[in-house]
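Source file: query-v9.cif; contents: mmCIF, C-alpha atoms.
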data_my_file
#
loop_
_atom_site.label_atom_id
_atom_site.label_comp_id
_atom_site.auth_asym_id
_atom_site.auth_seq_id
_atom_site.Cartn_x
_atom_site.Cartn_y
_atom_site.Cartn_z
CA MET A 1227 -44.79 -5.72 14.34
CA ALA A 1228 -41.70 -7.70 15.32
CA ILE A 1229 -40.60 -7.89 11.67
CA PHE A 1230 -41.07 -4.14 11.31
CA LEU A 1231 -38.99 -3.46 14.43
CA SER A 1232 -36.22 -5.76 13.19
CA PHE A 1233 -36.14 -3.98 9.86
CA LEU A 1234 -36.02 -0.60 11.63
CA LEU A 1235 -33.08 -1.72 13.78
CA ILE A 1236 -31.17 -2.85 10.70
CA LEU A 1237 -31.69 0.56 9.12
CA LEU A 1238 -30.67 2.43 12.26
CA PHE A 1239 -27.81 0.16 13.29
CA PRO A 1240 -26.35 -1.61 10.23
CA SER A 1241 -24.09 -4.55 10.88
CA ALA A 1242 -20.44 -3.67 11.39
CA ASN A 1243 -19.69 -6.38 8.84
CA ALA A 1244 -22.14 -5.09 6.25
CA GLY A 1245 -19.57 -5.30 3.47
CA TRP A 1246 -18.14 -1.79 3.53
CA PRO A 1247 -16.10 -0.07 6.22
CA PRO A 1248 -17.53 2.69 8.40
CA SER A 1249 -16.93 6.15 7.01
CA PRO A 1250 -13.55 7.52 8.07
CA GLY A 1251 -15.06 11.00 8.14
CA TYR A 1252 -11.98 12.56 6.55
CA TRP A 1253 -10.55 12.18 3.06
CA PRO A 1254 -6.82 13.00 2.83
CA SER A 1255 -6.72 12.38 -0.93
CA SER A 1256 -8.95 15.43 -1.47
CA LYS A 1257 -6.17 17.66 -0.08
CA PHE A 1258 -3.78 16.89 -2.95
CA ARG A 1259 -4.08 17.66 -6.63
CA PRO A 1260 -3.55 14.95 -9.23
CA MET A 1261 -0.43 15.32 -11.33
CA SER A 1262 0.49 14.11 -14.76
CA PHE A 1263 2.69 11.04 -14.94
CA TYR A 1264 5.49 12.77 -16.83
CA LYS A 1265 5.53 15.70 -14.41
CA GLY A 1266 6.23 13.50 -11.41
CA PHE A 1267 7.82 10.30 -12.73
CA ARG A 1268 10.11 8.71 -15.27
CA ASN A 1269 10.50 5.21 -16.59
CA LEU A 1270 12.96 3.16 -14.57
CA TRP A 1271 13.03 -0.11 -16.52
CA GLY A 1272 11.04 -1.94 -19.17
CA PRO A 1273 10.17 1.12 -21.31
CA GLY A 1274 8.68 -1.12 -23.98
CA HIS A 1275 6.21 -2.43 -21.40
CA GLN A 1276 4.84 0.95 -20.40
CA SER A 1277 2.42 3.38 -22.06
CA VAL A 1278 0.72 6.61 -21.02
CA ASP A 1279 -2.65 7.79 -22.30
CA GLN A 1280 -4.17 10.99 -20.89
CA ASN A 1281 -2.18 10.66 -17.67
CA ALA A 1282 -3.26 7.04 -17.17
CA LEU A 1283 -0.27 4.71 -17.06
CA THR A 1284 -0.38 1.09 -18.19
CA ILE A 1285 2.47 -1.28 -17.39
CA TRP A 1286 2.62 -4.97 -18.17
CA LEU A 1287 4.61 -8.12 -17.61
CA ASP A 1288 5.20 -10.82 -20.16
CA ARG A 1289 7.77 -13.51 -20.69
CA THR A 1290 10.38 -10.97 -21.79
CA SER A 1291 10.09 -8.21 -19.19
CA GLY A 1292 8.08 -6.29 -16.65
CA SER A 1293 8.26 -2.55 -16.06
CA GLY A 1294 8.82 0.04 -13.38
CA PHE A 1295 8.75 3.79 -12.82
CA LYS A 1296 10.26 6.22 -10.30
CA SER A 1297 9.55 9.72 -9.02
CA VAL A 1298 11.82 12.45 -10.32
CA LYS A 1299 12.67 13.61 -6.80
CA PRO A 1300 13.12 12.03 -3.37
CA PHE A 1301 11.01 12.92 -0.35
CA ARG A 1302 11.59 12.97 3.37
CA SER A 1303 7.86 12.86 4.19
CA GLY A 1304 4.56 13.18 2.39
CA TYR A 1305 1.34 11.74 0.99
CA PHE A 1306 1.78 9.34 -1.94
CA GLY A 1307 -1.26 7.94 -3.72
CA ALA A 1308 -2.47 6.47 -6.99
CA SER A 1309 -5.66 4.94 -8.28
CA ILE A 1310 -4.83 1.41 -9.42
CA LYS A 1311 -6.65 -1.36 -11.26
CA VAL A 1312 -5.21 -4.86 -11.51
CA GLN A 1313 -5.86 -7.70 -13.92
CA PRO A 1314 -8.48 -10.39 -13.25
CA GLY A 1315 -8.00 -14.12 -13.78
CA TYR A 1316 -4.83 -16.08 -13.19
CA THR A 1317 -2.11 -13.73 -11.97
CA ALA A 1318 -0.21 -16.00 -9.59
CA GLY A 1319 3.42 -15.05 -9.08
CA VAL A 1320 2.86 -11.49 -10.33
CA ILE A 1321 3.45 -8.45 -8.12
CA THR A 1322 1.92 -5.06 -8.85
CA ALA A 1323 3.55 -2.54 -6.52
CA PHE A 1324 3.41 1.07 -5.38
CA TYR A 1325 6.07 1.90 -2.83
CA LEU A 1326 8.71 4.16 -1.30
CA SER A 1327 12.35 3.12 -1.29
CA ASN A 1328 15.92 4.38 -1.19
CA ASN A 1329 17.48 1.16 -2.47
CA GLU A 1330 19.35 2.91 -5.25
CA ALA A 1331 20.90 5.38 -2.81
CA HIS A 1332 21.65 2.74 -0.16
CA PRO A 1333 22.03 -0.59 -1.94
CA GLY A 1334 22.05 -3.48 0.50
CA PHE A 1335 21.08 -1.21 3.39
CA HIS A 1336 17.85 0.43 2.32
CA ASP A 1337 14.48 1.49 3.70
CA GLU A 1338 11.20 0.64 2.00
CA VAL A 1339 7.45 1.10 2.51
CA ASP A 1340 5.32 -1.12 0.29
CA ILE A 1341 1.84 -1.51 -1.07
CA GLU A 1342 1.83 -4.72 -3.12
CA PHE A 1343 -0.88 -6.68 -4.90
CA LEU A 1344 0.02 -10.36 -4.66
CA GLY A 1345 -1.28 -12.19 -7.72
CA THR A 1346 -3.73 -15.01 -7.34
CA THR A 1347 -5.30 -18.08 -8.94
CA PHE A 1348 -8.76 -18.45 -10.46
CA GLY A 1349 -11.57 -17.83 -7.99
CA LYS A 1350 -9.39 -16.51 -5.17
CA PRO A 1351 -9.08 -12.86 -4.10
CA TYR A 1352 -6.02 -10.70 -4.49
CA THR A 1353 -4.00 -10.17 -1.34
CA LEU A 1354 -2.96 -6.59 -0.62
CA GLN A 1355 0.33 -6.65 1.28
CA THR A 1356 1.68 -3.70 3.24
CA ASN A 1357 5.26 -3.85 4.43
CA VAL A 1358 7.96 -1.76 6.08
CA TYR A 1359 11.71 -2.38 5.89
CA ILE A 1360 14.29 -0.46 7.87
CA ARG A 1361 17.90 -0.64 6.70
CA GLY A 1362 17.22 -3.96 5.02
CA SER A 1363 19.64 -5.94 2.93
CA GLY A 1364 19.46 -7.80 -0.31
CA ASP A 1365 20.96 -11.00 1.09
CA GLY A 1366 17.75 -12.57 2.33
CA LYS A 1367 18.06 -11.10 5.83
CA ILE A 1368 15.49 -8.35 5.37
CA ILE A 1369 13.20 -8.05 8.39
CA GLY A 1370 9.76 -7.62 6.89
CA ARG A 1371 6.83 -6.16 8.77
CA GLU A 1372 4.00 -7.51 6.65
CA MET A 1373 0.30 -7.03 7.15
CA LYS A 1374 -1.93 -8.58 4.50
CA PHE A 1375 -5.54 -7.91 3.60
CA HIS A 1376 -8.31 -9.29 1.42
CA LEU A 1377 -10.09 -6.14 0.32
CA TRP A 1378 -13.82 -5.49 0.73
CA PHE A 1379 -14.13 -5.03 -3.04
CA ASP A 1380 -12.74 -6.60 -6.20
CA PRO A 1381 -9.67 -4.53 -7.23
CA THR A 1382 -9.92 -5.84 -10.80
CA LYS A 1383 -13.31 -4.28 -11.54
CA ASP A 1384 -12.53 -0.61 -11.08
CA PHE A 1385 -9.90 1.87 -9.98
CA HIS A 1386 -9.47 2.40 -6.24
CA HIS A 1387 -7.13 4.83 -4.51
CA TYR A 1388 -4.19 3.42 -2.55
CA ALA A 1389 -1.92 5.66 -0.52
CA ILE A 1390 0.98 5.84 1.91
CA LEU A 1391 1.25 8.76 4.30
CA TRP A 1392 4.74 8.98 5.73
CA SER A 1393 5.58 11.52 8.41
CA PRO A 1394 8.35 11.67 11.02
CA ARG A 1395 5.87 10.25 13.54
CA GLU A 1396 4.06 7.49 11.66
CA ILE A 1397 3.25 5.66 8.45
CA ILE A 1398 -0.41 5.24 7.55
CA PHE A 1399 -1.66 3.03 4.72
CA LEU A 1400 -4.99 4.03 3.17
CA VAL A 1401 -7.41 2.48 0.69
CA ASP A 1402 -10.03 4.87 -0.68
CA ASP A 1403 -9.10 7.14 2.25
CA VAL A 1404 -9.89 4.42 4.79
CA PRO A 1405 -6.87 3.83 7.06
CA ILE A 1406 -6.04 0.13 7.05
CA ARG A 1407 -2.78 0.23 9.01
CA ARG A 1408 -0.84 2.64 11.18
CA TYR A 1409 2.86 2.04 11.83
CA PRO A 1410 4.05 4.45 14.55
CA ARG A 1411 7.60 5.56 15.14
CA LYS A 1412 8.50 3.84 18.38
CA SER A 1413 12.25 4.16 17.95
CA ASP A 1414 14.74 5.41 15.39
CA ALA A 1415 15.90 1.82 14.85
CA THR A 1416 12.45 0.67 13.73
CA PHE A 1417 11.41 3.59 11.52
CA PRO A 1418 12.57 4.83 8.10
CA LEU A 1419 14.07 8.32 8.41
CA ARG A 1420 16.20 8.73 5.27
CA PRO A 1421 14.77 10.26 2.05
CA MET A 1422 12.97 7.89 -0.31
CA TRP A 1423 11.70 7.95 -3.89
CA LEU A 1424 8.25 6.82 -4.99
CA TYR A 1425 8.10 3.78 -7.29
CA GLY A 1426 5.65 1.54 -9.09
CA SER A 1427 6.28 -1.74 -10.88
CA ILE A 1428 4.98 -5.05 -12.16
CA TRP A 1429 7.29 -8.06 -12.00
CA ASP A 1430 7.60 -11.82 -11.62
CA ALA A 1431 7.96 -12.89 -7.98
CA SER A 1432 7.02 -16.52 -8.48
CA SER A 1433 9.33 -17.68 -5.71
CA TRP A 1434 7.10 -16.17 -2.98
CA ALA A 1435 4.21 -14.02 -4.22
CA THR A 1436 1.33 -16.50 -4.22
CA GLU A 1437 0.86 -18.83 -1.25
CA ASP A 1438 4.60 -18.69 -0.50
CA GLY A 1439 5.55 -19.69 -4.03
CA LYS A 1440 3.16 -22.62 -4.39
CA TYR A 1441 1.73 -21.13 -7.59
CA LYS A 1442 4.02 -19.60 -10.23
CA ALA A 1443 3.52 -17.09 -13.02
CA ASP A 1444 1.97 -18.85 -16.00
CA TYR A 1445 2.80 -17.03 -19.22
CA ARG A 1446 -0.02 -18.69 -21.09
CA TYR A 1447 -2.05 -15.85 -19.56
CA GLN A 1448 0.33 -13.03 -20.54
CA PRO A 1449 0.45 -10.10 -20.70
CA PHE A 1450 -0.27 -9.30 -17.05
CA VAL A 1451 -1.46 -5.70 -16.97
CA ALA A 1452 -1.72 -3.04 -14.27
CA LYS A 1453 -3.18 0.44 -14.70
CA TYR A 1454 -2.38 3.55 -12.62
CA THR A 1455 -3.98 6.97 -12.69
CA ASN A 1456 -4.79 9.92 -10.39
CA PHE A 1457 -1.20 10.19 -9.15
CA LYS A 1458 -0.77 12.31 -6.03
CA ALA A 1459 2.47 13.14 -4.26
CA GLY A 1460 2.74 16.02 -1.83
CA GLY A 1461 4.87 16.83 1.15
CA CYS A 1462 8.46 17.66 1.91
CA SER A 1463 10.98 16.74 -0.75
CA ALA A 1464 14.52 15.96 0.26
CA TYR A 1465 15.42 19.42 -1.03
CA ALA A 1466 12.71 21.33 0.87
CA PRO A 1467 13.70 23.82 3.58
CA THR A 1468 13.85 22.58 7.13
CA TRP A 1469 10.67 24.44 8.02
CA CYS A 1470 8.61 22.34 5.57
CA ARG A 1471 5.76 20.87 7.61
CA PRO A 1472 4.87 17.16 7.21
CA VAL A 1473 1.36 16.44 5.96
CA SER A 1474 -1.26 14.69 8.10
CA ALA A 1475 -3.74 11.88 7.43
CA SER A 1476 -6.35 13.58 9.59
CA PRO A 1477 -7.62 17.06 10.48
CA PHE A 1478 -5.02 17.10 13.26
CA ARG A 1479 -2.02 19.05 11.99
CA SER A 1480 0.11 17.19 14.49
CA GLY A 1481 -0.74 13.85 12.84
CA GLY A 1482 -2.51 10.81 14.21
CA LEU A 1483 -6.01 9.62 13.38
CA THR A 1484 -9.43 10.71 14.56
CA SER A 1485 -11.60 8.34 16.57
CA GLN A 1486 -13.77 7.86 13.46
CA GLN A 1487 -10.73 6.93 11.37
CA ARG A 1488 -9.56 4.51 14.05
CA ARG A 1489 -12.97 2.88 14.10
CA ALA A 1490 -12.82 2.37 10.33
CA MET A 1491 -9.30 0.93 10.63
CA ARG A 1492 -10.35 -1.48 13.38
CA TRP A 1493 -13.20 -2.68 11.16
CA VAL A 1494 -10.83 -3.38 8.27
CA GLN A 1495 -8.36 -5.19 10.50
CA ARG A 1496 -11.08 -7.23 12.16
CA TYR A 1497 -12.83 -8.39 9.00
CA HIS A 1498 -10.24 -8.18 6.23
CA MET A 1499 -6.75 -8.60 7.65
CA VAL A 1500 -5.44 -12.09 6.87
CA TYR A 1501 -1.88 -11.81 8.20
CA ASN A 1502 -0.11 -9.74 10.87
CA TYR A 1503 3.60 -10.30 11.37
CA CYS A 1504 3.30 -9.42 15.06
CA ARG A 1505 0.94 -12.36 15.57
CA ASP A 1506 3.04 -14.89 13.68
CA PRO A 1507 4.47 -17.41 16.19
CA LYS A 1508 7.10 -18.47 13.64
CA ARG A 1509 8.69 -15.04 13.65
CA ASN A 1510 11.55 -14.03 15.94
CA HIS A 1511 9.99 -11.01 17.60
CA ALA A 1512 13.25 -10.04 19.24
CA LEU A 1513 13.93 -8.56 15.79
CA THR A 1514 10.66 -6.63 15.75
CA PRO A 1515 10.50 -4.92 19.16
CA GLU A 1516 7.61 -2.73 18.04
CA CYS A 1517 5.42 -5.83 18.37
CA TRP A 1518 5.87 -5.96 22.13
CA THR A 1519 6.58 -2.37 23.14
CA LYS A 1520 3.65 -0.26 24.20
#
Please go through the file and, once you have read it, give me the structure as structure tokens.
Amino acid sequence: MAIFLSFLLILLFPSANAGWPPSPGYWPSSKFRPMSFYKGFRNLWGPGHQSVDQNALTIWLDRTSGSGFKSVKPFRSGYFGASIKVQPGYTAGVITAFYLSNNEAHPGFHDEVDIEFLGTTFGKPYTLQTNVYIRGSGDGKIIGREMKFHLWFDPTKDFHHYAILWSPREIIFLVDDVPIRRYPRKSDATFPLRPMWLYGSIWDASSWATEDGKYKADYRYQPFVAKYTNFKAGGCSAYAPTWCRPVSASPFRSGGLTSQQRRAMRWVQRYHMVYNYCRDPKRNHALTPECWTK
């Protein structure tokens, strides 16, 4: 009888750490139609290391080059997603990225919102890094706001959907529609407000990508391949009329997350977050006031 009751309790109340996050109850990706790669993007660099097949994009890095792409128009808010699959095996030093930036418009003084897969060594999981820059520079003085995660699945085995929702009030990072991080606008000085383009790339970042540069890209394992599909980008372009309404990550038109979405996000951060810049005692948090303001 006791065994039966224990089994019944497991069915009724599964462990919060059962291997998959609680349902967020809302799926923002379903609100946006997929678009073809050539309708929304163009090659930015490394054209010989990029191919498109039925709207699925493959980019790769080898000893000679990586590759990158860019949206044809800038945005001032919106939902930006893609289904991505990264390469298994030894990928140390390699970055596969999907991000917003205005670096070309404001070189040395740009804003950026990143989703980055940090390559890894044999037997170790990928790290998914999220980051936010505000008016950063290219001289090594960028103030990063990194949160890093080990995902609850293997991102090399199948495509999963990764997205950034950027509104004037907040930035929300999502994986398969599960919110993993919310970055609220607490001041104009700590939030990106200028238009940005959407980018993707694969490149060699051996100096820092894997365990702070301990492991470098090893081109015996080239090419390093990343695949993107199911591109989604919707919201207010930089050219949209002023009445264009920012999109939301939840059923609330005003933005924010539901209690169910917050519960899913807390689960991810409790069990899968491996770094939070606000909790790093080595950081100068006078430069990141959002860490101590309520």
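With all atoms listed in the file as the atoms that count, the residue of A:Phe1375, A:Tyr1264, A:Tyr1316, A:Tyr1388 with the shortest distance to Gly1345 in chain A is A:Tyr1316.
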Problem set entry | Non-local contacts of range 1473-1485 of chain A (12 Å; all atoms listed in the file; under 5 positions in same chain excluded) as a PyMOL selection string | chain A and resi 1248-1258+1302-1306+1389-1400+1403-1411+1459-1463+1490-1492
Using C-alpha atoms, can you write the selected residues to a file as a PDB file, in the coordinates of the input?
ATOM      1  CA  PRO A1248     -17.530   2.690   8.400  1.00  0.00           C
ATOM      2  CA  SER A1249     -16.930   6.150   7.010  1.00  0.00           C
ATOM      3  CA  PRO A1250     -13.550   7.520   8.070  1.00  0.00           C
ATOM      4  CA  GLY A1251     -15.060  11.000   8.140  1.00  0.00           C
ATOM      5  CA  TYR A1252     -11.980  12.560   6.550  1.00  0.00           C
ATOM      6  CA  TRP A1253     -10.550  12.180   3.060  1.00  0.00           C
ATOM      7  CA  PRO A1254      -6.820  13.000   2.830  1.00  0.00           C
ATOM      8  CA  SER A1255      -6.720  12.380  -0.930  1.00  0.00           C
ATOM      9  CA  SER A1256      -8.950  15.430  -1.470  1.00  0.00           C
ATOM     10  CA  LYS A1257      -6.170  17.660  -0.080  1.00  0.00           C
ATOM     11  CA  PHE A1258      -3.780  16.890  -2.950  1.00  0.00           C
ATOM     12  CA  ARG A1302      11.590  12.970   3.370  1.00  0.00           C
ATOM     13  CA  SER A1303       7.860  12.860   4.190  1.00  0.00           C
ATOM     14  CA  GLY A1304       4.560  13.180   2.390  1.00  0.00           C
ATOM     15  CA  TYR A1305       1.340  11.740   0.990  1.00  0.00           C
ATOM     16  CA  PHE A1306       1.780   9.340  -1.940  1.00  0.00           C
ATOM     17  CA  ALA A1389      -1.920   5.660  -0.520  1.00  0.00           C
ATOM     18  CA  ILE A1390       0.980   5.840   1.910  1.00  0.00           C
ATOM     19  CA  LEU A1391       1.250   8.760   4.300  1.00  0.00           C
ATOM     20  CA  TRP A1392       4.740   8.980   5.730  1.00  0.00           C
ATOM     21  CA  SER A1393       5.580  11.520   8.410  1.00  0.00           C
ATOM     22  CA  PRO A1394       8.350  11.670  11.020  1.00  0.00           C
ATOM     23  CA  ARG A1395       5.870  10.250  13.540  1.00  0.00           C
ATOM     24  CA  GLU A1396       4.060   7.490  11.660  1.00  0.00           C
ATOM     25  CA  ILE A1397       3.250   5.660   8.450  1.00  0.00           C
ATOM     26  CA  ILE A1398      -0.410   5.240   7.550  1.00  0.00           C
ATOM     27  CA  PHE A1399      -1.660   3.030   4.720  1.00  0.00           C
ATOM     28  CA  LEU A1400      -4.990   4.030   3.170  1.00  0.00           C
ATOM     29  CA  ASP A1403      -9.100   7.140   2.250  1.00  0.00           C
ATOM     30  CA  VAL A1404      -9.890   4.420   4.790  1.00  0.00           C
ATOM     31  CA  PRO A1405      -6.870   3.830   7.060  1.00  0.00           C
ATOM     32  CA  ILE A1406      -6.040   0.130   7.050  1.00  0.00           C
ATOM     33  CA  ARG A1407      -2.780   0.230   9.010  1.00  0.00           C
ATOM     34  CA  ARG A1408      -0.840   2.640  11.180  1.00  0.00           C
ATOM     35  CA  TYR A1409       2.860   2.040  11.830  1.00  0.00           C
ATOM     36  CA  PRO A1410       4.050   4.450  14.550  1.00  0.00           C
ATOM     37  CA  ARG A1411       7.600   5.560  15.140  1.00  0.00           C
ATOM     38  CA  ALA A1459       2.470  13.140  -4.260  1.00  0.00           C
ATOM     39  CA  GLY A1460       2.740  16.020  -1.830  1.00  0.00           C
ATOM     40  CA  GLY A1461       4.870  16.830   1.150  1.00  0.00           C
ATOM     41  CA  CYS A1462       8.460  17.660   1.910  1.00  0.00           C
ATOM     42  CA  SER A1463      10.980  16.740  -0.750  1.00  0.00           C
ATOM     43  CA  ALA A1490     -12.820   2.370  10.330  1.00  0.00           C
ATOM     44  CA  MET A1491      -9.300   0.930  10.630  1.00  0.00           C
ATOM     45  CA  ARG A1492     -10.350  -1.480  13.380  1.00  0.00           C
TER      46      ARG A1492
END
Exercise. Out of A:Gly1334, A:Lys1350, A:Pro1467, A:His1387, which residue has the shortest atom-to-atom distance to Lys1367 in chain A when counting all atoms listed in the file?
Worked result: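 Closest to Lys1367 in chain A, using all atoms listed in the file: A:Gly1334.
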Compute the distance from (-0.5, 7.6, -17.3) to each atom, counting all atoms listed in the file, keep the residues with any atom at most 8 Å away, and return them as a short mmCIF file (atom, residue, chain, number, x, y, z; two decimals) with C-alpha atoms, keeping the file's coordinate frame; use the coordinates of the file.
data_model
loop_
_atom_site.label_atom_id
_atom_site.label_comp_id
_atom_site.auth_asym_id
_atom_site.auth_seq_id
_atom_site.Cartn_x
_atom_site.Cartn_y
_atom_site.Cartn_z
CA SER A 1262 0.49 14.11 -14.76
CA PHE A 1263 2.69 11.04 -14.94
CA TYR A 1264 5.49 12.77 -16.83
CA SER A 1277 2.42 3.38 -22.06
CA VAL A 1278 0.72 6.61 -21.02
CA ASP A 1279 -2.65 7.79 -22.30
CA GLN A 1280 -4.17 10.99 -20.89
CA ASN A 1281 -2.18 10.66 -17.67
CA ALA A 1282 -3.26 7.04 -17.17
CA LEU A 1283 -0.27 4.71 -17.06
CA THR A 1284 -0.38 1.09 -18.19
CA TYR A 1454 -2.38 3.55 -12.62
CA THR A 1455 -3.98 6.97 -12.69
#
Quick check on the file I pasted: which residues fall under the PyMOL selection byres ((chain A and resi 1437-1441) around 12)? Write them as an mmCIF file with C-alpha atoms, keeping the file's coordinate frame.
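Generated output (part-v1.cif):
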data_model
loop_
_atom_site.group_PDB
_atom_site.id
_atom_site.type_symbol
_atom_site.label_atom_id
_atom_site.label_comp_id
_atom_site.auth_asym_id
_atom_site.auth_seq_id
_atom_site.Cartn_x
_atom_site.Cartn_y
_atom_site.Cartn_z
ATOM 1 C CA TYR A 1316 -4.830 -16.080 -13.190
ATOM 2 C CA THR A 1317 -2.110 -13.730 -11.970
ATOM 3 C CA ALA A 1318 -0.210 -16.000 -9.590
ATOM 4 C CA GLY A 1319 3.420 -15.050 -9.080
ATOM 5 C CA VAL A 1320 2.860 -11.490 -10.330
ATOM 6 C CA LEU A 1344 0.020 -10.360 -4.660
ATOM 7 C CA GLY A 1345 -1.280 -12.190 -7.720
ATOM 8 C CA THR A 1346 -3.730 -15.010 -7.340
ATOM 9 C CA THR A 1347 -5.300 -18.080 -8.940
ATOM 10 C CA PHE A 1348 -8.760 -18.450 -10.460
ATOM 11 C CA LYS A 1350 -9.390 -16.510 -5.170
ATOM 12 C CA PRO A 1351 -9.080 -12.860 -4.100
ATOM 13 C CA TYR A 1352 -6.020 -10.700 -4.490
ATOM 14 C CA THR A 1353 -4.000 -10.170 -1.340
ATOM 15 C CA ASP A 1430 7.600 -11.820 -11.620
ATOM 16 C CA ALA A 1431 7.960 -12.890 -7.980
ATOM 17 C CA SER A 1432 7.020 -16.520 -8.480
ATOM 18 C CA SER A 1433 9.330 -17.680 -5.710
ATOM 19 C CA TRP A 1434 7.100 -16.170 -2.980
ATOM 20 C CA ALA A 1435 4.210 -14.020 -4.220
ATOM 21 C CA THR A 1436 1.330 -16.500 -4.220
ATOM 22 C CA LYS A 1442 4.020 -19.600 -10.230
ATOM 23 C CA ALA A 1443 3.520 -17.090 -13.020
ATOM 24 C CA ASP A 1444 1.970 -18.850 -16.000
#
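Atom to atom, CA of Thr1468 in chain A and CA of Ser1297 in chain A stand 21.1 Å apart.
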Exercise. Looking at A:Thr1382, A:Pro1421, A:Lys1299, A:Gly1426, which one is nearest to Asn1328 in chain A, with distances taken over only C-alpha atoms?
Worked result: A:Pro1421
I'd like the residues picked by the PyMOL selection byres ((chain A and resi 1268) around 9) written out as a PDB file with C-alpha atoms, keeping the file's coordinate frame, using the chain letters and numbers from the file.
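Produced file out_24.pdb, reproduced below:
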ATOM      1  CA  PHE A1263       2.690  11.040 -14.940  1.00  0.00           C
ATOM      2  CA  TYR A1264       5.490  12.770 -16.830  1.00  0.00           C
ATOM      3  CA  LYS A1265       5.530  15.700 -14.410  1.00  0.00           C
ATOM      4  CA  GLY A1266       6.230  13.500 -11.410  1.00  0.00           C
ATOM      5  CA  PHE A1267       7.820  10.300 -12.730  1.00  0.00           C
ATOM      6  CA  ASN A1269      10.500   5.210 -16.590  1.00  0.00           C
ATOM      7  CA  LEU A1270      12.960   3.160 -14.570  1.00  0.00           C
ATOM      8  CA  GLY A1294       8.820   0.040 -13.380  1.00  0.00           C
ATOM      9  CA  PHE A1295       8.750   3.790 -12.820  1.00  0.00           C
ATOM     10  CA  LYS A1296      10.260   6.220 -10.300  1.00  0.00           C
ATOM     11  CA  SER A1297       9.550   9.720  -9.020  1.00  0.00           C
ATOM     12  CA  VAL A1298      11.820  12.450 -10.320  1.00  0.00           C
TER      13      VAL A1298
END
Problem set entry | Among the residues A:Gly1362, A:Pro1333, A:Gly1292, A:Gly1307, the one that comes closest to Val1451 in chain A [using all atoms listed in the file] |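 Result for the nearest residue to Val1451 in chain A: A:Gly1292.
Minimum atom-to-atom distance to Arg1259 in chain A, evaluated using only C-alpha atoms, belongs to A:Asn1456 out of A:Asn1357, A:Gln1448, A:Asn1456, A:Thr1416.
Each of A:Leu1513, A:Val1312, A:Val1494, A:Ile1360 was checked against Trp1378 in chain A using all atoms listed in the file; the smallest atom-to-atom distance is that of A:Val1494.
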For this session: Name all residues at most 6 Å from Ile1310 in chain A (count only C-alpha atoms; drop same-chain ones fewer than 6 positions away) and give them as a list in words.
Result: Phe1385, His1386, Lys1453 and Tyr1454 of chain A
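CA of Phe1457 in chain A is found 13.3 Å from CA of Asp1402 in chain A.
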Problem set entry | Phe1343 in chain A surroundings by only C-alpha atoms, 7 Å radius, close-in-sequence under 4 positions cut, as a PyMOL selection string | chain A and resi 1321-1323+1352-1355
